[in-house]
Each structure stands twice: as structure tokens, then as C-alpha cells.
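> Got a structure for you, questions after.
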Amino acid sequence: MKSYVPNTEKERREMLAEIGMSSMDDLFRDIPEDLKLKRPLDLPEPLSEMELRDLIRGFVYMNEEGGPLFRGAGAYHHYIPSLIPQLAMRSEFYTAYTPYQAEMSQGMLQSLFEYQTVICRLTGLDAANASVYDGATAAAEALLMLRDNKRKKKVLYSAALNPDVITVMHTYAHCAELELVEIPLTDKGVTDISAITANMDGAAGYIGANPNYYGCLEPMADIAEAVHAANGLLVAYVNPISLGALKRPADYGADIAIGDGQTLGLPMAFGGPYVGFMAATQKLMRNLPGRIAGETRDPEGNRVFVLTLQAREQHIRRDKAASNICSNQMLCAIMASMYCCTMGPAGMREVAEQNIAKAHCLADKLTAIEGVKLRWPETPFFNEFVIDVPDAAEIDRALANYSITGGLVLPDGGMLWCATEMNSADEFDLVCDIINDTIHPTGGEE
Amino acid sequence: MRSEYKLIFERSHEGRRAYDLPACDVPSRTDAIPEAMRASSDLKLPELGEVDLVRHYTNLSRRNFGVDNGFYPLGSCTMKYNPKINEELAPAFDDVHPLLAPEMSQGCLALMADMEHMLCEICGMDAFTLQPAAGAHGELTGLMHIRAYHEHRGDTERTTIIVPDAAHGTNPASASMAGFKVKEIKSAPDGGVDLDALRAAVGPDTAGLMLTNPSTLGLFERNIKEIAKIVHEAGGLLYYDGANLNAIMGIVRPGDMGFDVMHINLHKTFSTPHGGGGPGSGPVGVKSHLIPFMPVPRIEEQDGMLVLNYDKPESIGKIKSFYGNFGVIVKAYCYIRSLGGAGLKEASENAVLNANYVMNKLRGIYEIPHDRTCMHECVVTPGELMNYGVNTSDIAKALIDRGYHPPTIYFPLIVHEAMMIEPTESESRETLDEFVEAMKSIAEQVKTDAAAIHAAPVTTPVGRPDEVTAARKPIVKYEEPAEV
Amino acid sequence: MVPNDRKYTRDHEWVMVEGNIAKMGITEHAAEALGDIVYVELPVVGDETVIGESYCVVESVKASSAVYSAVNGTVTEVNEELDAAPEKLNEDAFGNFIAAVEFTEINEDELMDAEAYEKFCEEE
């Protein structure tokens, strides 16, 4: 049996004797007898390391994966430079906890300060927090920021946010008794600005994605104008890996930028752990939830990093705190920061450009198949796009037969495709052949 | 040795690079994005060669202290050893996309379903969700269940959550975020819930009570049955803050104590690393009457296959993208499977033994405000050492110089100058003995050379930070010096 | 020294009435108890204040404290200097008001004069 307890039975007995006890049971005498569990826990027998390894391998085999992947919709397949997971395994980082004792946690605090700076550089904004759980909870926290800053209980959001983000926002909003108004899309696949304007009365602001859930690039500058004209705040939900090529939130006037940092060096890992980032203008800095690292000095004048602005947080404000967040996704944040610093300005541009090139190449090839249409051909997109096909489920099955994970089948029958730097032109041809054969089974290849 | 360490931005040299990508095998499409949507400049990120990048982070890590470096008795945080095998195995699922068809992700779903069942058995609950990403997130989720429960019964007057004054700050903050009013009740002199205060506090507005048991003082709440009765008879539900679950695995279960809903911190009790402050995982367990309100999707078996069921009309909704911090869940799963039921009980017993062993040895040197058998942690104060002009913070800093991470300090709030020591079962007797010796030597030094204690820490790369300036004039990001 | 030109609450706030305007702040005693004040979460002009309810939060590094209103009314002016220099409350608590309120009600009976307040502090 595996045990991580170093003390031997003999040592335990001696320790018990030293505190005047004769058995382990004595330690638990404060617990009412009738509440105690009178039987062993009914759990599987303990496993050795070797057996555990086999067990986990078994679960891995139960999954069917490994083929080309063309699915995004909130989790993306990007290349992770090998130095990132290896450095993240420095156990001084990963076996530490929140840097409450600054003097012995400078490594983590400085890494966080660097992460915050990276997020500010990506978004163009003034201040970032030390992360929240994921993009969806970042959006929920942003709702509370809007409420507190504008003291209004109505927020607009785009129907083209990721559905998980929308659901999570509604879960939080129900408790905060916020009114959420969904702004529909135009026939171009982007948010209807006239509907934003029409609904802004009494609203604290607007949350919209760019690129949006369907991959489309939104007219963010025009949206900003509409939101600001009504004295609201603009929250931009962005895919950070797009920011090597696309305008940054501050460029188009966003007051808050949020998103999921999974695309920055974190594996898909069946949905987590990822990292939610949040950045804001100087004016909104104190409305950011959770931990923030700051710079200061020690008595000798050395630069020191600390957790700062803590009196905003739950451990001090308790029920008056704007957010309850305590643990966040620190290690993931640092991995995202490592990714951006590894890629540098040129790498971030190149990876974004490759995503644009690959996605457009795939879109061109797919739409060359008779019966496949881009849903919004006039709207620019980043690395995802929606196509309409005769029978999406059938195509999905056909691709699965070749171990290919195709675009996500949408409830309306469309397919949301994604291509990243991980996909190759050969894969595109293979996918297109399969789809062509599926739609035109008599062999009507062009 | 004091030393500043350059920021990665200060190590940048134009043109250096650490990345490489294969040449793009499709035509460039810079034309695809309108100029107005394109960034006008490259991102201002540092440019370093790979070796410099690796050294930067490696050296930064050397300015940090984790459980692998030494004893880390941070109370309420359960800084136990993080098994290496779990770290090695969890990445096996890194390439699994969360939106695969269920037939392609049966392994992940089976592991999660298994985990839910095991947590039910350990805690005596009827169902678990693995979706919450951390303890506070679990609290919020659990409280949402309480809210939904009352709402669905049309019991809309139940707007108040009762929280003891000894509670973690996340408790009142989570209650407030879940839309409840918070009523704080004072603790009894023995550190437990004051039953009279509780009786006076409950009423038709009571939605529930949040309780940590063992309490934040590290003491088992002996009146738990009576507490449960008072709250339930008033129509409220009982929430269990699982932060201190490491004391009771295999010994007593929250479900059997009368709790209706609870969260677990996998990063505390179930050995997953704290990651410097995350990622954690905060699964929430409920009794059967709260199952309809659990977050979607639920993992269910249909025709011999595990599926994700989103069709739960009474669900509170989703509280996170996808299904939780899966990678963390895998590590905790590995931990439970490695130990089995007997191993978990052994862990709890030894955690409690170690805490009592330390408390016993500190008696007479430090003050123990609630001196009775503790559970997995004990709370002590400097007591008369304060007369020498030192406080808890000074003692913490002196511990750093002796090679230890200090205990949690100034918590719980109801104990003046508290030091909350949680050794965990991971520590050997001699580690505990050495720690006690260090605490003794500090107490001696306080009496002979208080100035030296005030100067601590001296062995760290930096001295005590000026937190006032940091908060008054916050600098939260790096700015390149203006060019001359 | 506690100035004579104003009244005091049991929560260590001061209120100075001029016509229908009440200027409010915290006392030196309160500022000392808080330690180094790092931030003042000021109300906004137009906010309604209610007797005994919080209209402002004062933060130190390790604590946050609500500041309670001595009057019912509407905030007409806030001391924006405190935004950039919260330490002014430590340096001169009586010389730096937090907010001025056009009031409709003031509960004189609950307020103390300087002498009574000094005694109150000694007894506390």
C-alpha cells in the first residue's frame, strides 16, 4: 500500500505516548461516538505506482483520440514549446501556495508581476489581475465590475459569446439579481450595433467577443462608440493568441479586456485547468477582483514584489468584498506568460498569421466542395468559421471514421471549424476528400 | 544575501528569439483581415534566447519556497506532499479536446464518474459535481444550491446565511456573491459555535449556516448534532466548508454529521499541488434533495455509455467552462487510488497526531488559547512574548530565517495575534522536533535580542517590503524607462 | 486636540454643520486605530446618505473600515485630494473632510461635543 506518511508505526506510538495517548482513537475523542464511521471506507484497494500507471493508461486507451483536430469553440490546439511544461514543473513554483510571505516568494510574485505586464501588453490596458479560473468566470466577474463601477444592474452581452460564457454569466447574474440583455446578430454574423444602442438605457455596459464564438471579427471600434455614447463600459472578450495580428482591446477603446489564456501554452486537458485573464483601464483597476502583484521596496531600497490592494479582497472585506475569489490559476498564468515571452513579438505575430492563413485555406478548400457554403462569406474571421452543409451529423460521423475530429456541429445544423498552426495542408485535403465523398457518394469529385 | 533580480523585460535584446515554427505550408493571407482590424505594431514583448529564458525562470524559482523545499505548516491550507507520480500521469490527457463526442472521451468521463462516486463515499454525500475550480468557487456553487432549493419551494424569504465569526473570509464573501445577506454570530469561549447565539440568529429568514468542522481553530465542533438540529428545524440548510477535511477522512463524514451540501479542496486534502495559488479544484457534494439543482452537465450512463446530460431544468446552470479543472481532478484521483480507504484514514490520523505533537511541545513557550486535543492544526499566540515588543508577524519572519515557511498568521480573526500551525501527515517526527526547536530559539531570542527578531528575515533575497507604499501608489506592471 | 467646532459619533466620525451642509470625516483616534491609510473609497456626488449607514470605506494594508454617516442627505462634494493622497487622513484627520452632504436630517441627540467625545475615547 502506498503511504506518504514517513513516521513508522513505532514512531507513531512513541509520539502518541508523548502526548499521553495510547491509540490514534484517543485523538478523536471530541467526535461524538455515534457520528463516527464504524466501517472502513468502501473504496477500491490501494495501488502501487506501477499499478496506478496501468490504471491511468487504461483510461487513456478508453478515449479515442489522436487524429487531426479541427475543433475549437473555447479550447484550442496550439503548439506548446517544451520549455513551458518543464519550467512549470520547477517544484519551488508548483508546490508553493499563495505568496503570503513575500520575502520567500519573490519568484512567484515577480513571475506574476511579469504575467500582469504581459496581459497589459496584449490588451493595451493599464492593469491586470493575477488571474481568475477561466474565461467564463472572467466574464461573470466582469459583470460585477460593471455593476460596481456604474452602480447599475443591467448589462448587455453579445449572442456571439461562447455559449459556456453566456451560461456562466447567467448563473452568476441570477444571484446578483442583474438583468442581462442578449444582443442578437446581424445577417453578417456579428453583433447588431443598433440593438446595442437601443438597449443601452440604464445599462452599465456591454460584453462582446472578438473574434466571436463563430470566428467572425466584430466591428469593435463601432461597438465601442455605441457603448460609450450611452456612458457604458465596453468589455472585450478576446482570444489572446489573435492579438499578435489583430487590434488590441485598448486600440478600439475597450475599458476591460478578458478572456481565456488557454491558447497561450496550456494544453486542452479535457477542459482545464485554463486561466481567465482580466485587464482594465487605470480608472477601473480597483474594481478588478482577486489578487494583484505590485512593486515596492525593502528597507535597503531593493525592488520587491508583493500582493497589493489586498483590502479589496475577501479575507479582509469578507461579505463586503466584490468577489469571493481566493485561489486562482497562478501556475497557469505563469505558463501563459512564459509562452508569450518565448514567442516574443515576432512569434506572436507569426503564430497569429499562420492561424489566419490556415483557417482561410481550409475555408477555401471546404467551400470549393459543392454543397458547402461559408455562412458569412463577407465577414472577416480569425481561425474559426461556420459552414453550412447538407447534413453536418453525417459529415461528423464520416470524419470520425477516419479518426478526424471535424468542426463542431452547431445546434442549427452548421459546423464551426477551426484551423491552427497545428493543422497541415495535407490534412485539409484529406478532410475535403472525405466530406466530398460524403456529400457526393457517387464519386462526384471535381 | 540581498539581491534584486531583473525582470524578463529588462533582459530583452531586439531580434533574439526562443521560438520556432515550421514554415507555413499554405499561402499567407494578410489580405484576409481588413487593415482597420489589424494591429498597427507588434506586441511589446521581451526578446530572449532560449537559454536565457530558461535561466530566468529557473533562477526565479530559486527565489521561491514550496513544500519540496521544506516544512510549510500554513494553517488551513494543508500543504502536504504532492506525489510525483500524479504529476507525471495527469498530462496523459493533455491532448483531449473537451468537446469530443462522448464515445471518443469515455476514458475522461469514466475517471470523472469514478471520482464522483469515491468522493461521495469519503464524505457521506449522495452526489458530487467536479465543476468548481477552487474552494471559494465551490462555496459559491454550494450556496447557489441552497438558494435554488428555497426558491423552488417558493420559500423566498430565506435570504440570510449565518456564518460564525471564526469563518474563512471566503464564507461571507461567497454568501454575499450568491445574493444572500450575511449574519455573523460570535463564537463561544471554547471556540465553538455559541448555541444560544445560533438559536437567536435562526428564523424564517435563515437560508443556511456555513460551518467548518474541525473549526478554523482546529477544534472539532462537539455540538454539531445540536447545531444541525437548530438549523434544520428553522428551515435552513447546513453548508460544510471542506477546508479542514484532512482531519477526518475515514473517521467521520460531513454527510453523517447532518450537512446538506459541502465543498472539498482537492488541492488541500487530496494532495494536488497548490501551484503557487492555483489551479485548485473545489468539487461540491450534496444530499439527494439538492441533486436537481446541480450544475450541468451531469455525467450519466445511457445504454452502456457515459454521456454528458445538459437536460436538467432545475439546475443552477454552469459555473465554469466545460467540466472543471480536469487536470487537477486526475491528480486527486490518483492520490485516492494510491491510498485506498485505509490509506486516507491513515493520512488523517497522522495529520492529527502531528498537530497534537507540535502543540504539546509548544505548550509553555507559546500560549495556546484553546488548549484541548486539536485536530489537524493548532492555533497558538506569542502570549507574553508580546511584552518584548514583538508580534506574530515578527515571529513569522524569524521562522523564515530558520528555513521554514511560517504558519498562517492573524487568522482566525477571533484569536488575537494568531499563528495557525498545520503540519500535515507528510512530516516526520524529526522535522517537527526541529521546527519546535526553531520556535523555542525564537522565543529565547525575543527575550534576549528583540532587535534581531525585528530585523528578520536576513537570509532572504529581499527584506520586509514596504506594503503601505505598494498600496498607496500601486505599480502593477512594468514600464520601460523613458528614452533619454 | 479634538476641535470644538464640530460634533462626533460613537464610531469616531466627525460632522461639521454649516447651514444645510454637513461636512463629515473621521477622527484622529480613528485614523490612528486604522494605521497607515492606503485608500479612501469616496462616495460619489449625488449619493444619498443615511444616518448610521456606511457612505465611504477607508482601507489600510490589512483592514478596511466603513465610515458611517451622521446625517440623511445628498452628497454635494467629495474631497478628491484623498484619492491621490489618502495619507492626508493620517496626517490631519480633522483638517481633511471626506464628503459634504446637503442634509435633511441630523440626529443631534446621538452626537457628542468635543469634551464628551474625548471622555468617550478615554473610556473606550
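Every chain in the C-alpha cells takes a letter, A first, then B, and so on in the order presented; its residues are numbered from 1, and the ligands are numbered from 1 following the presented order.
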Identify all chain C residues at most 10 Å from chain A by counting only C-alpha atoms; ligands do not count. Present them as a PyMOL selection string.
chain C and resi 38-39+41+58-66
> If we count only C-alpha atoms, which residues of chain B reach to within 9 Å of chain C? Please list them as JSON, numbers by chain.
{"B": [467, 468, 469, 470, 471, 472, 473]}
> Taking into account only C-alpha atoms, which residue in the set A:Lys283, A:Lys365, A:Arg397, A:Arg303 is nearest to Cys432 (chain A)?
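Of A:Lys283, A:Lys365, A:Arg397, A:Arg303, the one nearest Cys432 (chain A), counting only C-alpha atoms, is A:Lys365.
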> Check region 150-377 of chain A with DSSP on the backbone and list each residue it calls strand (DSSP E or B), as a count of residues only.
48
> Pick out the closest residue to chain B from this set: A:Thr420, A:Ser82, A:Asn162, A:Asn63. Count only C-alpha atoms.
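Using only C-alpha atoms, chain B sits closest to A:Asn63.
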> Please return, as an MDAnalysis selection string, all residues of region 12-218 of chain A that DSSP assigns to alpha helix (DSSP H) on the basis of the backbone.
chainID A and resid 12:18 24:27 49:62 83:88 91:94 106:123 135:150 163:176 193:199
> Go through C:Ile98, C:Glu32, C:Ile26, C:Met1 one by one, measure the shortest atom-to-atom distance of each to Glu13 (chain C) using only C-alpha atoms, and give the residue with the smallest value.
C:Ile26
> So what do you get for CA of Glu422 (chain B) versus CA of Lys225 (chain B), distance-wise?
26.0 Å
> So the first atom is CA of Arg63 (chain B) and the second is CA of Cys341 (chain A); what is the distance between them in Å, to one decimal place?
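Distance between the two atoms: 19.6 Å.
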